[in-house]
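Listing of start08.csv; format and content: CSV, C-alpha atoms.
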chain,number,residue,atom,x,y,z
K,191,MET,CA,-46.7,27.5,-26.2
K,192,THR,CA,-45.4,27.9,-29.8
K,193,ARG,CA,-41.7,27.9,-30.6
K,194,PRO,CA,-40.4,31.2,-32.0
K,195,PHE,CA,-38.1,29.3,-34.4
K,196,PRO,CA,-38.6,26.0,-36.2
K,197,ARG,CA,-36.7,23.2,-34.5
K,198,LEU,CA,-33.6,22.1,-36.4
K,199,THR,CA,-33.4,18.6,-37.7
K,200,VAL,CA,-30.8,16.1,-36.5
K,201,ARG,CA,-29.1,16.4,-39.9
K,202,ALA,CA,-28.9,20.2,-39.6
K,203,ARG,CA,-27.6,20.0,-36.1
K,204,LEU,CA,-24.9,17.5,-37.0
K,205,ALA,CA,-23.8,19.6,-39.9
K,206,GLY,CA,-23.8,22.7,-37.7
K,207,ALA,CA,-21.8,20.9,-35.0
K,208,PHE,CA,-19.2,19.8,-37.6
K,209,ALA,CA,-18.9,23.3,-39.0
K,210,GLY,CA,-18.7,24.8,-35.5
K,211,LEU,CA,-15.9,22.4,-34.5
K,212,ILE,CA,-13.9,23.5,-37.6
K,213,LEU,CA,-14.6,27.1,-36.7
K,214,VAL,CA,-13.5,26.8,-33.1
K,215,THR,CA,-10.4,24.8,-34.0
K,216,GLY,CA,-9.4,27.2,-36.8
K,217,ALA,CA,-9.9,30.2,-34.6
K,218,LEU,CA,-7.7,28.7,-32.0
K,219,VAL,CA,-5.0,27.9,-34.6
K,220,ILE,CA,-5.2,31.5,-36.0
K,221,SER,CA,-5.0,33.0,-32.5
K,222,VAL,CA,-1.9,31.0,-31.6
K,223,MET,CA,-0.2,31.9,-35.0
K,224,TYR,CA,-1.1,35.6,-34.5
K,225,LEU,CA,0.3,35.7,-30.9
K,226,LEU,CA,3.5,33.9,-31.9
K,227,LEU,CA,4.1,36.1,-34.9
K,228,LYS,CA,3.3,39.3,-32.9
K,229,ARG,CA,5.7,38.2,-30.2
K,230,ASN,CA,8.5,37.6,-32.8
K,231,VAL,CA,7.9,41.0,-34.6
K,232,ASP,CA,7.8,42.9,-31.2
K,233,ALA,CA,11.0,41.3,-30.1
K,234,LYS,CA,12.8,42.5,-33.3
K,235,SER,CA,11.3,46.0,-33.1
K,236,LYS,CA,12.6,46.5,-29.6
K,237,LEU,CA,16.2,46.6,-31.0
K,238,LEU,CA,15.5,50.3,-31.7
K,239,ALA,CA,15.3,52.6,-28.8
K,240,VAL,CA,12.2,54.8,-28.5
K,241,PRO,CA,13.1,58.4,-29.6
K,242,GLY,CA,13.1,61.1,-27.0
K,243,THR,CA,14.1,58.8,-24.1
K,244,ALA,CA,17.3,58.8,-22.2
K,245,LYS,CA,18.1,55.3,-23.3
K,246,PRO,CA,20.8,55.2,-25.9
K,247,LEU,CA,20.2,53.6,-29.3
K,248,THR,CA,21.4,50.1,-29.6
K,249,ILE,CA,21.0,49.9,-33.4
K,250,THR,CA,24.2,50.3,-35.3
K,251,THR,CA,22.8,50.0,-38.8
K,252,ALA,CA,24.8,52.1,-41.3
K,253,GLY,CA,23.4,54.2,-44.1
K,254,PRO,CA,23.8,53.7,-47.8
K,255,ALA,CA,27.4,55.0,-47.7
K,256,GLY,CA,28.3,53.1,-44.5
K,257,MET,CA,27.7,56.2,-42.3
K,258,PRO,CA,25.8,55.9,-39.0
K,259,LEU,CA,22.1,56.8,-39.1
K,260,THR,CA,21.1,60.3,-37.9
K,261,GLY,CA,18.3,60.9,-35.5
K,262,ASN,CA,15.7,61.5,-38.3
K,263,ASP,CA,16.8,58.4,-40.1
K,264,ARG,CA,16.3,56.4,-37.0
K,265,VAL,CA,12.8,57.8,-36.6
K,266,ASN,CA,12.0,56.9,-40.2
K,267,VAL,CA,13.3,53.4,-39.7
K,268,GLN,CA,11.1,53.1,-36.6
K,269,LYS,CA,8.0,54.2,-38.5
K,270,VAL,CA,8.8,51.7,-41.4
K,271,ILE,CA,9.2,48.9,-38.9
K,272,SER,CA,5.9,49.8,-37.1
K,273,THR,CA,4.0,50.1,-40.4
K,274,ASP,CA,5.4,46.8,-41.6
K,275,ARG,CA,4.5,45.1,-38.3
K,276,TYR,CA,0.9,46.3,-38.6
K,277,ASP,CA,0.6,45.3,-42.3
K,278,THR,CA,2.1,41.8,-41.5
K,279,LEU,CA,-0.3,41.1,-38.6
K,280,HIS,CA,-3.3,42.6,-40.5
K,281,HIS,CA,-2.6,40.5,-43.6
K,282,LEU,CA,-2.3,37.4,-41.4
K,283,LEU,CA,-5.6,38.0,-39.8
K,284,MET,CA,-7.4,38.8,-43.1
K,285,THR,CA,-5.9,35.9,-45.0
K,286,SER,CA,-6.5,33.4,-42.2
K,287,GLY,CA,-10.1,34.7,-41.7
K,288,MET,CA,-11.0,34.2,-45.3
K,289,VAL,CA,-9.4,30.7,-45.4
K,290,LEU,CA,-11.3,29.9,-42.2
K,291,ALA,CA,-14.6,31.1,-43.7
K,292,VAL,CA,-14.1,28.9,-46.7
K,293,LEU,CA,-13.2,25.9,-44.5
K,294,VAL,CA,-16.3,26.4,-42.3
K,295,GLY,CA,-18.5,26.5,-45.5
K,296,VAL,CA,-16.9,23.4,-46.8
K,297,ALA,CA,-17.2,21.7,-43.4
K,298,ALA,CA,-20.9,22.5,-43.3
K,299,LEU,CA,-21.5,21.0,-46.7
K,300,VAL,CA,-19.5,17.9,-46.0
K,301,GLY,CA,-21.2,17.5,-42.6
K,302,TRP,CA,-24.6,17.8,-44.3
K,303,TRP,CA,-23.7,15.2,-46.8
K,304,LEU,CA,-22.1,12.8,-44.2
K,305,SER,CA,-25.0,13.2,-41.8
K,306,GLY,CA,-27.4,12.4,-44.5
K,307,ARG,CA,-25.7,9.2,-45.3
K,308,VAL,CA,-25.5,8.3,-41.6
K,309,LEU,CA,-29.1,9.0,-41.0
K,310,ARG,CA,-30.4,7.3,-44.1
K,311,PRO,CA,-31.1,4.0,-42.3
K,312,LEU,CA,-33.0,5.9,-39.6
K,313,HIS,CA,-35.2,7.4,-42.3
K,314,LYS,CA,-35.9,3.9,-43.5
K,315,ILE,CA,-36.7,2.6,-40.0
K,316,THR,CA,-39.0,5.6,-39.5
K,317,ALA,CA,-40.8,5.1,-42.8
K,318,THR,CA,-41.3,1.4,-42.0
K,319,ALA,CA,-42.7,2.3,-38.6
K,320,HIS,CA,-45.2,4.8,-40.1
K,321,ARG,CA,-46.4,2.2,-42.6
K,322,LEU,CA,-46.9,-0.6,-40.1
K,323,SER,CA,-50.3,-1.5,-38.7
K,324,GLU,CA,-52.0,-4.7,-37.4
K,325,THR,CA,-52.5,-5.9,-41.0
K,326,ASN,CA,-48.9,-5.6,-42.3
K,327,LEU,CA,-46.7,-6.5,-39.3
K,328,HIS,CA,-45.0,-9.0,-41.6
K,329,GLU,CA,-43.0,-6.3,-43.2
K,330,ARG,CA,-39.3,-6.0,-42.2
K,331,ILE,CA,-36.5,-3.5,-42.7
K,332,HIS,CA,-33.8,-5.9,-43.7
K,333,LEU,CA,-31.1,-3.2,-43.4
K,334,GLN,CA,-28.0,-4.1,-45.3
K,335,GLY,CA,-24.5,-2.9,-44.5
K,336,PRO,CA,-21.7,-3.3,-41.9
K,337,ARG,CA,-22.5,-4.5,-38.4
K,338,ASP,CA,-22.7,-1.2,-36.6
K,339,GLU,CA,-25.1,0.5,-34.2
K,340,LEU,CA,-27.7,1.3,-36.9
K,341,LYS,CA,-27.6,-2.3,-38.2
K,342,ASP,CA,-28.2,-3.5,-34.6
K,343,LEU,CA,-31.1,-1.0,-34.2
K,344,ALA,CA,-32.7,-2.2,-37.4
K,345,ASP,CA,-32.3,-5.9,-36.5
K,346,THR,CA,-33.7,-5.2,-33.0
K,347,PHE,CA,-36.7,-3.5,-34.7
K,348,ASP,CA,-37.2,-6.5,-37.0
K,349,ALA,CA,-37.1,-8.8,-34.0
K,350,MET,CA,-39.7,-6.7,-32.2
K,351,LEU,CA,-41.9,-6.8,-35.3
K,352,GLN,CA,-41.6,-10.6,-35.4
K,353,ARG,CA,-42.7,-10.8,-31.8
K,354,LEU,CA,-45.6,-8.4,-32.4
K,355,ASP,CA,-46.7,-10.3,-35.4
K,356,GLN,CA,-46.7,-13.6,-33.5
K,357,ALA,CA,-48.5,-11.9,-30.6
K,358,PHE,CA,-51.2,-10.5,-32.9
K,359,ALA,CA,-51.6,-13.8,-34.7
K,360,GLY,CA,-51.9,-15.6,-31.4
K,361,GLN,CA,-54.4,-13.0,-30.2
K,362,ARG,CA,-56.5,-13.5,-33.3
K,363,ARG,CA,-56.5,-17.3,-32.9
K,364,PHE,CA,-57.3,-16.9,-29.3
K,365,VAL,CA,-60.3,-14.7,-30.0
K,366,ALA,CA,-61.5,-16.9,-32.7
K,367,ASN,CA,-61.2,-20.1,-30.6
K,368,ALA,CA,-62.7,-18.4,-27.6
K,369,SER,CA,-65.7,-17.2,-29.6
K,370,HIS,CA,-66.2,-20.8,-30.9
K,371,GLU,CA,-65.9,-22.3,-27.5
K,372,LEU,CA,-68.3,-19.9,-26.0
K,373,ARG,CA,-70.7,-20.1,-28.9
K,374,THR,CA,-70.9,-24.0,-28.7
K,375,PRO,CA,-72.5,-24.2,-25.2
K,376,LEU,CA,-74.9,-21.4,-26.2
K,377,ALA,CA,-76.1,-23.4,-29.2
K,378,VAL,CA,-76.4,-26.5,-27.0
K,379,GLN,CA,-78.5,-24.6,-24.5
K,380,ARG,CA,-80.7,-23.1,-27.2
K,381,THR,CA,-81.3,-26.6,-28.8
K,382,ALA,CA,-82.1,-28.1,-25.4
K,383,LEU,CA,-84.6,-25.4,-24.6
K,384,GLN,CA,-86.3,-25.5,-28.0
K,385,ILE,CA,-86.5,-29.3,-28.5
K,386,GLY,CA,-86.3,-30.6,-25.0
K,387,LEU,CA,-89.0,-28.4,-23.6
K,388,ALA,CA,-91.2,-28.6,-26.7
K,389,ASP,CA,-92.9,-31.6,-24.9
K,390,PRO,CA,-92.8,-30.6,-21.2
K,391,VAL,CA,-92.9,-34.1,-19.9
K,392,PRO,CA,-91.3,-34.4,-16.4
K,393,ASP,CA,-88.7,-36.9,-17.7
K,394,HIS,CA,-87.8,-34.5,-20.5
K,395,VAL,CA,-87.6,-31.6,-18.2
K,396,ALA,CA,-85.3,-33.4,-15.8
K,397,LYS,CA,-83.1,-34.5,-18.7
K,398,VAL,CA,-83.0,-30.9,-20.1
K,399,ARG,CA,-82.2,-29.6,-16.6
K,400,GLU,CA,-79.2,-32.0,-16.3
K,401,GLU,CA,-77.9,-31.1,-19.7
K,402,LEU,CA,-78.2,-27.4,-19.1
K,403,LEU,CA,-76.4,-27.7,-15.8
K,404,THR,CA,-73.6,-29.6,-17.5
K,405,VAL,CA,-73.2,-27.0,-20.2
K,406,ASN,CA,-73.4,-24.2,-17.6
K,407,ARG,CA,-70.6,-25.8,-15.6
K,408,ARG,CA,-68.5,-26.2,-18.7
K,409,SER,CA,-69.1,-22.5,-19.6
K,410,GLU,CA,-68.2,-21.5,-16.1
K,411,HIS,CA,-64.9,-23.4,-16.2
K,412,LEU,CA,-64.2,-21.9,-19.6
K,413,ILE,CA,-64.7,-18.4,-18.3
K,414,GLU,CA,-62.6,-19.1,-15.2
K,415,GLY,CA,-59.8,-20.5,-17.4
K,416,LEU,CA,-59.8,-17.4,-19.6
K,417,LEU,CA,-59.7,-15.1,-16.6
K,418,LEU,CA,-56.9,-17.1,-15.0
K,419,LEU,CA,-55.0,-17.0,-18.3
K,420,ALA,CA,-55.4,-13.2,-18.6
K,421,HIS,CA,-54.4,-12.8,-14.9
K,422,SER,CA,-51.2,-14.8,-15.3
K,423,GLU,CA,-50.2,-12.9,-18.4
K,424,ASP,CA,-50.5,-9.6,-16.5
K,425,GLY,CA,-47.5,-10.6,-14.3
K,426,LEU,CA,-47.2,-11.2,-10.6
K,427,GLY,CA,-48.6,-9.1,-7.9
K,428,ASP,CA,-47.5,-9.8,-4.3
K,429,CYS,CA,-44.8,-12.5,-4.2
K,430,ALA,CA,-43.8,-14.6,-1.2
K,431,VAL,CA,-41.6,-17.6,-0.5
K,432,VAL,CA,-43.7,-20.7,-1.2
K,433,GLY,CA,-42.9,-24.3,-0.5
K,434,LEU,CA,-43.2,-26.0,-3.9
K,435,HIS,CA,-43.1,-29.4,-2.3
K,436,THR,CA,-46.0,-28.5,0.0
K,437,LEU,CA,-48.1,-27.3,-2.9
K,438,VAL,CA,-47.4,-30.6,-4.8
K,439,THR,CA,-48.4,-32.6,-1.8
K,440,GLU,CA,-51.7,-30.7,-1.3
K,441,VAL,CA,-52.7,-30.8,-5.0
K,442,THR,CA,-51.9,-34.5,-5.6
K,443,ALA,CA,-53.9,-35.4,-2.4
K,444,GLN,CA,-56.9,-33.6,-3.8
K,445,HIS,CA,-56.7,-35.7,-7.0
K,446,THR,CA,-56.1,-39.1,-5.4
K,447,ALA,CA,-59.8,-40.1,-5.7
K,448,GLU,CA,-59.9,-39.0,-9.4
K,449,ALA,CA,-56.8,-41.1,-10.1
K,450,LYS,CA,-58.4,-44.1,-8.5
K,451,ALA,CA,-61.6,-43.6,-10.4
K,452,ALA,CA,-59.7,-43.5,-13.7
K,453,ASP,CA,-57.6,-46.5,-12.7
K,454,VAL,CA,-54.4,-44.4,-12.9
K,455,ARG,CA,-51.5,-44.7,-10.4
K,456,LEU,CA,-50.5,-41.4,-9.0
K,457,LEU,CA,-46.8,-41.4,-7.9
K,458,VAL,CA,-45.4,-38.5,-5.9
K,459,ASP,CA,-41.8,-37.8,-5.0
K,460,THR,CA,-40.9,-34.5,-3.4
K,461,GLU,CA,-38.0,-32.9,-1.5
K,462,PRO,CA,-38.0,-29.6,0.3
K,463,VAL,CA,-37.7,-26.7,-2.1
K,464,HIS,CA,-38.9,-23.1,-1.9
K,465,VAL,CA,-39.5,-20.6,-4.7
K,466,ARG,CA,-40.7,-17.0,-4.7
K,467,GLY,CA,-44.0,-16.4,-6.4
K,468,ASP,CA,-47.8,-16.2,-6.2
K,469,ARG,CA,-49.1,-19.1,-4.2
K,470,VAL,CA,-52.5,-19.1,-6.0
K,471,LEU,CA,-51.0,-19.1,-9.5
K,472,LEU,CA,-48.5,-21.8,-8.6
K,473,THR,CA,-51.3,-23.9,-7.2
K,474,HIS,CA,-53.2,-23.6,-10.5
K,475,LEU,CA,-50.0,-24.5,-12.4
K,476,ILE,CA,-49.6,-27.8,-10.5
K,477,THR,CA,-53.3,-28.5,-10.7
K,478,ASN,CA,-53.4,-28.0,-14.4
K,479,LEU,CA,-50.4,-30.3,-14.9
K,480,VAL,CA,-51.8,-33.0,-12.7
K,481,GLN,CA,-55.3,-32.8,-14.3
K,482,ASN,CA,-53.9,-32.8,-17.8
K,483,ALA,CA,-51.8,-35.9,-17.0
K,484,LEU,CA,-54.8,-37.7,-15.5
K,485,ARG,CA,-57.3,-36.6,-18.2
K,486,TYR,CA,-55.1,-37.7,-21.2
K,487,ASN,CA,-54.2,-41.2,-19.9
K,488,HIS,CA,-55.5,-44.7,-20.1
K,489,ALA,CA,-56.7,-47.3,-17.6
K,490,GLY,CA,-53.7,-48.9,-15.9
K,491,GLY,CA,-51.5,-46.0,-16.7
K,492,THR,CA,-49.3,-43.9,-14.3
K,493,VAL,CA,-48.8,-40.2,-13.5
K,494,GLU,CA,-45.5,-39.3,-11.8
K,495,VAL,CA,-45.0,-35.9,-10.1
K,496,ARG,CA,-41.6,-34.9,-8.8
K,497,ALA,CA,-40.6,-31.7,-7.1
K,498,GLY,CA,-37.1,-30.7,-5.9
K,499,ARG,CA,-34.2,-28.4,-6.6
K,500,ARG,CA,-34.2,-29.7,-10.2
K,501,GLY,CA,-37.6,-28.2,-10.6
K,502,LEU,CA,-41.1,-29.6,-11.0
K,503,ARG,CA,-41.6,-32.6,-13.4
K,504,VAL,CA,-44.9,-34.2,-14.3
K,505,SER,CA,-45.0,-37.3,-16.7
K,506,ASN,CA,-47.8,-39.6,-17.7
K,507,THR,CA,-48.6,-42.5,-19.9
K,508,GLY,CA,-51.2,-42.0,-22.6
K,509,PRO,CA,-51.6,-41.3,-26.3
K,510,GLU,CA,-48.3,-40.7,-28.2
K,511,VAL,CA,-47.8,-37.1,-29.3
K,512,PRO,CA,-45.7,-36.3,-32.3
K,513,SER,CA,-42.7,-34.1,-31.6
K,514,GLU,CA,-43.8,-31.5,-34.2
K,515,LEU,CA,-47.0,-30.9,-32.2
K,516,MET,CA,-45.2,-30.2,-28.8
K,517,ASP,CA,-45.2,-26.5,-29.1
K,518,GLU,CA,-48.8,-26.3,-30.4
K,519,LEU,CA,-50.1,-28.0,-27.3
K,520,PHE,CA,-49.3,-24.8,-25.3
K,521,GLU,CA,-51.5,-22.6,-27.5
K,522,PRO,CA,-55.0,-21.8,-26.2
K,523,PHE,CA,-57.7,-24.3,-27.1
K,524,THR,CA,-55.3,-26.8,-28.6
K,525,ARG,CA,-55.6,-30.4,-27.8
K,526,GLY,CA,-53.6,-33.5,-28.6
K,527,PRO,CA,-54.5,-36.1,-31.1
K,528,ASP,CA,-57.2,-38.6,-30.4
K,529,VAL,CA,-58.7,-36.7,-27.5
K,530,ARG,CA,-61.7,-35.1,-29.1
K,531,ALA,CA,-63.6,-38.3,-28.8
K,532,SER,CA,-62.7,-38.8,-25.2
K,533,HIS,CA,-65.4,-38.2,-22.6
K,534,ARG,CA,-62.7,-36.5,-20.4
K,535,GLU,CA,-61.9,-33.9,-23.0
K,536,GLY,CA,-60.8,-30.6,-21.5
K,537,LEU,CA,-61.1,-27.0,-22.6
K,538,GLY,CA,-57.6,-26.8,-24.2
K,539,LEU,CA,-56.5,-24.1,-21.8
K,540,GLY,CA,-54.5,-26.0,-19.2
K,541,LEU,CA,-51.1,-26.1,-20.8
K,542,SER,CA,-51.5,-22.5,-22.0
K,543,ILE,CA,-52.1,-21.4,-18.4
K,544,VAL,CA,-49.1,-23.5,-17.3
K,545,ARG,CA,-46.8,-21.7,-19.8
K,546,SER,CA,-48.1,-18.3,-18.9
K,547,ILE,CA,-47.7,-18.8,-15.2
K,548,THR,CA,-44.2,-20.2,-15.7
K,549,ARG,CA,-43.2,-17.1,-17.7
K,550,ALA,CA,-44.7,-14.8,-15.1
K,551,HIS,CA,-42.4,-16.4,-12.5
K,552,GLY,CA,-39.3,-16.1,-14.6
K,553,GLY,CA,-39.1,-19.8,-15.1
K,554,SER,CA,-38.5,-22.1,-18.1
K,555,LEU,CA,-40.6,-25.0,-19.5
K,556,THR,CA,-39.5,-28.1,-21.3
K,557,VAL,CA,-41.7,-30.8,-22.9
K,558,ARG,CA,-40.8,-34.1,-24.6
K,559,PRO,CA,-42.6,-37.3,-25.4
K,560,GLY,CA,-42.8,-39.9,-22.6
K,561,PRO,CA,-41.0,-43.2,-23.1
K,562,GLN,CA,-44.4,-45.0,-22.8
K,563,GLY,CA,-46.5,-42.4,-24.5
K,564,GLY,CA,-47.9,-39.2,-23.0
K,565,LEU,CA,-45.8,-36.2,-22.1
K,566,GLU,CA,-43.0,-35.4,-19.8
K,567,ILE,CA,-43.2,-31.7,-18.8
K,568,GLY,CA,-40.5,-30.0,-16.7
K,569,ILE,CA,-40.9,-26.6,-15.0
K,570,LEU,CA,-37.7,-24.9,-13.7
K,571,LEU,CA,-38.4,-22.0,-11.3
K,572,PRO,CA,-35.9,-19.7,-9.5
K,573,VAL,CA,-35.2,-21.4,-6.2
K,574,VAL,CA,-34.9,-19.5,-2.9
K,575,ARG,CA,-31.7,-20.4,-1.1
K,576,GLU,CA,-32.2,-21.4,2.4
K,577,GLU,CA,-30.3,-19.4,5.1
Could you take the file, read its structure, and then write that structure out as structure tokens?
Amino acid sequence: MTRPFPRLTVRARLAGAFAGLILVTGALVISVMYLLLKRNVDAKSKLLAVPGTAKPLTITTAGPAGMPLTGNDRVNVQKVISTDRYDTLHHLLMTSGMVLAVLVGVAALVGWWLSGRVLRPLHKITATAHRLSETNLHERIHLQGPRDELKDLADTFDAMLQRLDQAFAGQRRFVANASHELRTPLAVQRTALQIGLADPVPDHVAKVREELLTVNRRSEHLIEGLLLLAHSEDGLGDCAVVGLHTLVTEVTAQHTAEAKAADVRLLVDTEPVHVRGDRVLLTHLITNLVQNALRYNHAGGTVEVRAGRRGLRVSNTGPEVPSELMDELFEPFTRGPDVRASHREGLGLGLSIVRSITRAHGGSLTVRPGPQGGLEIGILLPVVREE
């Protein structure tokens, strides 16, 4: 359905509202002045009695020679007073109306000018929003001026653009890294099929089979990690009260054999603590932390897992990680130094999944270098108070 009239802009409506306010205020002032003046004039005119009535005249005004006024003189005086009353009130209305019309016009012009100055930052914000796309999210408004509502709006918009720019940059890196990680096993499989099966000797076929199975398992784990990362970033579904200490006990028990095989001591210290969240995602969080601590360790090292009201804390010994690389470790497909040559190299998704699950549960994550190398990662989740 089309509008019969074009919609007024905010600037026009502000100017109209300002002019309307002056119009209403001026009309009220004129009305009050008119009523007060009319009341005053009527009170004075009542000093003359109305001719033809039985009431005696109360006026004692004398004529030019000091003689009392006759009846005709009184009638003439009454007419003069009535005419003067009408002229006075009419002149008041006409003069006030013209002055009010001028004031309304001036108010409209001033309101148009002021609203234009007030809305100028909004036009700048709108123009910036129209120009933005995925390729120029680095642009900012950088609005100058006093710290008012419009400055706060522009700063909030700039902060949102900063987050979007980081999100798009992270997405581009993620897609590029995921493409590389998925392309690598495909290339390995193609090479194994082309070279390994060129001479179909049983020993070669068995070797190619094992290599293909290894690459396939790695690809499967990679796809599962990507799906889990996407699922954790979508937020939580059904939440329930989960015993964090119970999950830690279960997960560490499943990795006892792996720790022994790697000659790493796995130390567990828990106290009863309950959180509200997704049991499956929290299990993956603890699993990734424990696996990461075991994978990037050395023979004779230790892994300590603590869970309590102060949160979940996992620390390990291992290669030293520079402080400036701490934040990068939580980006997808990012690994620490000196791990690419390790035969226990992972996919580079573990800590990314940990951070995503922590955010989905409304928790916070801290990381710092361990005193004997490795990392010390702390997860603080909202604790459910026991009745």
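Between CA of Ser505 in chain K and CA of Leu565 in chain K there is a distance of 5.6 Å.
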CA of Gln384 in chain K and CA of Glu401 in chain K, how far apart in Å?
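Between CA of Glu401 in chain K and CA of Gln384 in chain K the gap works out to 13.1 Å.
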*asked:* Which residues are near Leu571 in chain K? Cut-off 10 Å, only C-alpha atoms, ignore same chain within fewer than 5 positions. Put them as a list in words.
replied: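 With the cut-off at 10 Å, the set is Leu434, His464, Val465, Arg466, Gly467, Arg499, Arg500, Gly501, Leu502, Thr548, Arg549, His551, Gly552, Gly553, Ser554 and Leu555 of chain K.
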List as a ChimeraX atom specification: which residues have an atom within 12 Å of (-41.7, -42.2, -23.0), counting only C-alpha atoms?
-> /K:492,505-513,557-567
Residues as selected, C-alpha atoms, written as a PDB file, in the coordinates of the input, can you do that?
ATOM      1  CA  THR K 492     -49.300 -43.900 -14.300  1.00  0.00           C
ATOM      2  CA  SER K 505     -45.000 -37.300 -16.700  1.00  0.00           C
ATOM      3  CA  ASN K 506     -47.800 -39.600 -17.700  1.00  0.00           C
ATOM      4  CA  THR K 507     -48.600 -42.500 -19.900  1.00  0.00           C
ATOM      5  CA  GLY K 508     -51.200 -42.000 -22.600  1.00  0.00           C
ATOM      6  CA  PRO K 509     -51.600 -41.300 -26.300  1.00  0.00           C
ATOM      7  CA  GLU K 510     -48.300 -40.700 -28.200  1.00  0.00           C
ATOM      8  CA  VAL K 511     -47.800 -37.100 -29.300  1.00  0.00           C
ATOM      9  CA  PRO K 512     -45.700 -36.300 -32.300  1.00  0.00           C
ATOM     10  CA  SER K 513     -42.700 -34.100 -31.600  1.00  0.00           C
ATOM     11  CA  VAL K 557     -41.700 -30.800 -22.900  1.00  0.00           C
ATOM     12  CA  ARG K 558     -40.800 -34.100 -24.600  1.00  0.00           C
ATOM     13  CA  PRO K 559     -42.600 -37.300 -25.400  1.00  0.00           C
ATOM     14  CA  GLY K 560     -42.800 -39.900 -22.600  1.00  0.00           C
ATOM     15  CA  PRO K 561     -41.000 -43.200 -23.100  1.00  0.00           C
ATOM     16  CA  GLN K 562     -44.400 -45.000 -22.800  1.00  0.00           C
ATOM     17  CA  GLY K 563     -46.500 -42.400 -24.500  1.00  0.00           C
ATOM     18  CA  GLY K 564     -47.900 -39.200 -23.000  1.00  0.00           C
ATOM     19  CA  LEU K 565     -45.800 -36.200 -22.100  1.00  0.00           C
ATOM     20  CA  GLU K 566     -43.000 -35.400 -19.800  1.00  0.00           C
ATOM     21  CA  ILE K 567     -43.200 -31.700 -18.800  1.00  0.00           C
TER      22      ILE K 567
END
TODO: Could you tell me how far CA of Met223 in chain K lies from CA of Thr273 in chain K, in Å and to one decimal?
DONE: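 Rounded to one decimal, the two atoms are 19.4 Å apart.
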Across K:Arg408, K:Arg399, K:Arg201, K:His445, the smallest distance to Trp303 in chain K, with only C-alpha atoms counted, is shown by K:Arg201
Notebook entry, point to check: Which is closest to Glu494 in chain K among K:Thr460, K:Thr404, K:Gln379, K:Thr285, if we use only C-alpha atoms?
Noted result: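 So, comparing all the options, the nearest one is K:Thr460.
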Nearby residues (only C-alpha atoms) at most 8 Å from Asp459 in chain K, same-chain spacing under 2 positions excluded, as a list in words: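 So the residues in contact are Leu457, Glu461, Glu494, Val495, Arg496 and Ala497 of chain K.
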*Find the spatial neighbours of Asp348 in chain K, counting only C-alpha atoms, within a cut-off of 8 Å - ignore same-chain residues fewer than 5 positions away - and output them as a PyMOL selection string.*
chain K and resi 330-332
- [ ] Name the residues in contact with Ala297 in chain K at a cut-off of 10 Å, using only C-alpha atoms, excluding same-chain residues fewer than 3 positions from it; report them as a list in words.
- [x] Ala205, Gly206, Ala207, Phe208, Ala209, Gly210, Leu211, Ile212, Leu213, Ala291, Val292, Leu293, Val294, Val300, Gly301, Trp302 and Trp303 of chain K
Neighbouring residues of Leu304 in chain K were defined as those with any atom within 10 Å, considering only C-alpha atoms; residues of the same chain fewer than 5 positions away were excluded. Please report them as a PyMOL selection string. chain K and resi 201+204-205+298-299+309-310
